[in-house]
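Engineer: Supplied in structure tokens, the structure appears directly below.
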Amino acid sequence: MADVMDWDSAYRGEGDFEGEPPWNIGEPQPELAALWRDGKFRSEVLDAGCGHAELSLALAADGYTVTGIDVSPTAVAAATAAAAERGLSERASFVAADITALSGFDGRFATVVDSTLFHSLPVESRDAYLQSVHRAAAPGAGLFVLVFAKGAFPVEMEGGPNEVTELELREAVSRYWVIDDIRPALIHTNVPKLPGMPPPPLDMLDEHGRLRMQAFVLSAHKDG
């Protein structure tokens, strides 16, 4: 990713995509929803790179206390408004901030969830990000990362996400976290509305007509 995306423009509908960004699917990513329903998350939760925060809002509706952090003030305003509309403001709060330099939350969170943020960061920012969320995590906290796998996008695509190999992901995260598991997974996105883009093969679509793209889901924990 040679250039850092203007995330606020994307959430204002002014980026390359027509209307909603394709990663806004209106619900939590299914891979992370499965972990939540299996009881893997503990309150209080940090939703790193929360965007429109469907995961945060779903967790708050289930009784979790959640803080969502996103670099886009537009996304944070939308998430805050949605929490108010759903009566969840006491359990879900949102902050516009640089997640790679997060302060004021040291040792607070029992769970850190990264729903497709890791591959959106410049490679050179990964270490600062992992340090930052580690600092915000309580001893024994869990970390869950859903990230595009290498090869999810065509090799000729320029300016796309920074996909990872399993080894690359393991090496980056293990500097600060104890890795429990990395397994193949899927990220679901709406089909992007891009000029000249051909329709995707039907076998790449889920039952809602969304793309299913190759990914990893990582589970780790903080010592202590």
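FYI, nothing fancy with the structure tokens labels: chains A, B, ... in order, residues from 1 per chain, ligands from 1 as they appear.
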If you count only C-alpha atoms, which residues fall within 10 Å of Ala58 in chain A, apart from same-chain ones fewer than 6 positions away, as a ChimeraX atom specification?
Structural biologist: /A:27-28,33,36,64,66,83,88,92
Engineer: Go ahead and save the picked residues with C-alpha atoms, as an mmCIF file, in the first residue's frame.
Structural biologist:
```cif
data_model
loop_
_atom_site.group_PDB
_atom_site.id
_atom_site.type_symbol
_atom_site.label_atom_id
_atom_site.label_comp_id
_atom_site.auth_asym_id
_atom_site.auth_seq_id
_atom_site.Cartn_x
_atom_site.Cartn_y
_atom_site.Cartn_z
ATOM 1 C CA GLU A 27 -23.359 -6.692 10.788
ATOM 2 C CA PRO A 28 -20.232 -8.034 12.503
ATOM 3 C CA ALA A 33 -19.383 -13.126 15.502
ATOM 4 C CA TRP A 36 -18.240 -13.854 20.366
ATOM 5 C CA TYR A 64 -20.528 -5.953 26.994
ATOM 6 C CA VAL A 66 -17.086 -1.567 24.470
ATOM 7 C CA ALA A 83 -25.434 3.718 19.706
ATOM 8 C CA LEU A 88 -26.601 1.562 23.827
ATOM 9 C CA ALA A 92 -20.698 1.620 23.752
#
```
Engineer: Could you give me, as a PyMOL selection string, each residue of range 59-179 of chain A that DSSP assigns to strand (DSSP E) when run on this structure's backbone?
Structural biologist: chain A and resi 66-70+92-96+109-115+137-148+178-179
Engineer: In Å, with one decimal, what is the gap from CA of Gly140 in chain A to CA of Gly224 in chain A?
Structural biologist: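 Separating CA of Gly140 in chain A from CA of Gly224 in chain A is a distance of 5.2 Å.
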Engineer: Using only C-alpha atoms, which residues sit within 8 Å of range 142-150 of chain A once same-chain residues fewer than 2 positions away are excluded, as a PyMOL selection string?
Structural biologist: chain A and resi 31-32+41+110-119+140+152-153+161-166+185+187+213-222
Engineer: Could you pull the residues within 12 Å of Asn190 in chain A, counting only C-alpha atoms, minus those fewer than 4 positions along the same chain, as a CSV table (one decimal) with C-alpha atoms, in the first residue's frame?
Structural biologist:
```
chain,number,residue,atom,x,y,z
A,17,PHE,CA,-16.3,3.6,-4.0
A,18,GLU,CA,-19.8,4.6,-4.8
A,19,GLY,CA,-21.8,5.1,-1.6
A,20,GLU,CA,-21.0,2.9,1.4
A,21,PRO,CA,-17.5,1.4,1.6
A,22,PRO,CA,-17.7,-2.3,0.8
A,23,TRP,CA,-16.5,-3.4,4.2
A,24,ASN,CA,-19.7,-1.9,5.8
A,25,ILE,CA,-21.8,-5.1,5.6
A,26,GLY,CA,-24.3,-4.0,8.3
A,27,GLU,CA,-23.4,-6.7,10.8
A,29,GLN,CA,-17.9,-10.1,10.4
A,194,LEU,CA,-15.8,0.3,-9.3
A,199,PRO,CA,-19.0,-9.3,-11.8
A,200,PRO,CA,-17.3,-11.7,-9.5
A,204,MET,CA,-16.9,-16.3,-4.5
A,205,LEU,CA,-20.3,-15.0,-3.2
A,206,ASP,CA,-22.1,-15.9,0.1
A,207,GLU,CA,-25.8,-16.4,0.5
A,208,HIS,CA,-26.3,-12.6,0.7
A,209,GLY,CA,-24.4,-11.9,-2.5
A,210,ARG,CA,-21.3,-10.7,-0.7
A,211,LEU,CA,-17.7,-11.5,-1.6
A,212,ARG,CA,-16.0,-14.2,0.5
A,213,MET,CA,-12.2,-13.4,0.6
```
Engineer: Check the smallest atom-to-atom distance from each of A:Phe105, A:Pro184, A:Pro30, A:Thr80 to Ala53 in chain A using only C-alpha atoms, then report the winner.
Structural biologist: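 Residue with the minimum atom-to-atom distance to Ala53 in chain A: A:Thr80.
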Engineer: Would you return as a PDB file with N, CA and C atoms, in the first residue's frame the members of range 132-186 of chain A that DSSP assigns to alpha helix (DSSP H) on this structure's backbone?
Structural biologist:
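As a result, states-v6.pdb now contains:
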```
ATOM      1  N   SER A 132       0.717  -0.468  20.984  1.00  0.00           N
ATOM      2  CA  SER A 132      -0.318   0.417  21.506  1.00  0.00           C
ATOM      3  C   SER A 132      -1.474  -0.370  22.114  1.00  0.00           C
ATOM      4  N   VAL A 133      -1.981  -1.374  21.375  1.00  0.00           N
ATOM      5  CA  VAL A 133      -3.110  -2.134  21.912  1.00  0.00           C
ATOM      6  C   VAL A 133      -2.667  -3.060  23.041  1.00  0.00           C
ATOM      7  N   HIS A 134      -1.402  -3.498  23.004  1.00  0.00           N
ATOM      8  CA  HIS A 134      -0.870  -4.292  24.119  1.00  0.00           C
ATOM      9  C   HIS A 134      -0.852  -3.452  25.392  1.00  0.00           C
ATOM     10  N   ARG A 135      -0.452  -2.206  25.279  1.00  0.00           N
ATOM     11  CA  ARG A 135      -0.421  -1.297  26.431  1.00  0.00           C
ATOM     12  C   ARG A 135      -1.833  -1.059  26.977  1.00  0.00           C
ATOM     13  N   ALA A 136      -2.808  -1.012  26.094  1.00  0.00           N
ATOM     14  CA  ALA A 136      -4.194  -0.776  26.521  1.00  0.00           C
ATOM     15  C   ALA A 136      -4.857  -2.019  27.108  1.00  0.00           C
ATOM     16  N   GLU A 166       0.818 -16.300   6.834  1.00  0.00           N
ATOM     17  CA  GLU A 166       0.709 -16.730   8.229  1.00  0.00           C
ATOM     18  C   GLU A 166       1.992 -16.427   8.990  1.00  0.00           C
ATOM     19  N   LEU A 167       3.138 -16.667   8.358  1.00  0.00           N
ATOM     20  CA  LEU A 167       4.418 -16.417   9.024  1.00  0.00           C
ATOM     21  C   LEU A 167       4.589 -14.936   9.340  1.00  0.00           C
ATOM     22  N   GLU A 168       4.247 -14.089   8.387  1.00  0.00           N
ATOM     23  CA  GLU A 168       4.366 -12.643   8.585  1.00  0.00           C
ATOM     24  C   GLU A 168       3.488 -12.180   9.753  1.00  0.00           C
ATOM     25  N   LEU A 169       2.275 -12.685   9.812  1.00  0.00           N
ATOM     26  CA  LEU A 169       1.365 -12.332  10.897  1.00  0.00           C
ATOM     27  C   LEU A 169       1.899 -12.829  12.235  1.00  0.00           C
ATOM     28  N   ARG A 170       2.363 -14.066  12.239  1.00  0.00           N
ATOM     29  CA  ARG A 170       2.879 -14.653  13.477  1.00  0.00           C
ATOM     30  C   ARG A 170       4.087 -13.878  13.992  1.00  0.00           C
ATOM     31  N   GLU A 171       5.006 -13.539  13.104  1.00  0.00           N
ATOM     32  CA  GLU A 171       6.218 -12.836  13.521  1.00  0.00           C
ATOM     33  C   GLU A 171       5.905 -11.448  14.071  1.00  0.00           C
ATOM     34  N   ALA A 172       4.956 -10.753  13.443  1.00  0.00           N
ATOM     35  CA  ALA A 172       4.612  -9.406  13.900  1.00  0.00           C
ATOM     36  C   ALA A 172       3.946  -9.431  15.271  1.00  0.00           C
ATOM     37  N   VAL A 173       2.950 -10.287  15.431  1.00  0.00           N
ATOM     38  CA  VAL A 173       2.154 -10.282  16.654  1.00  0.00           C
ATOM     39  C   VAL A 173       2.925 -10.863  17.833  1.00  0.00           C
TER      40      VAL A 173
END
```
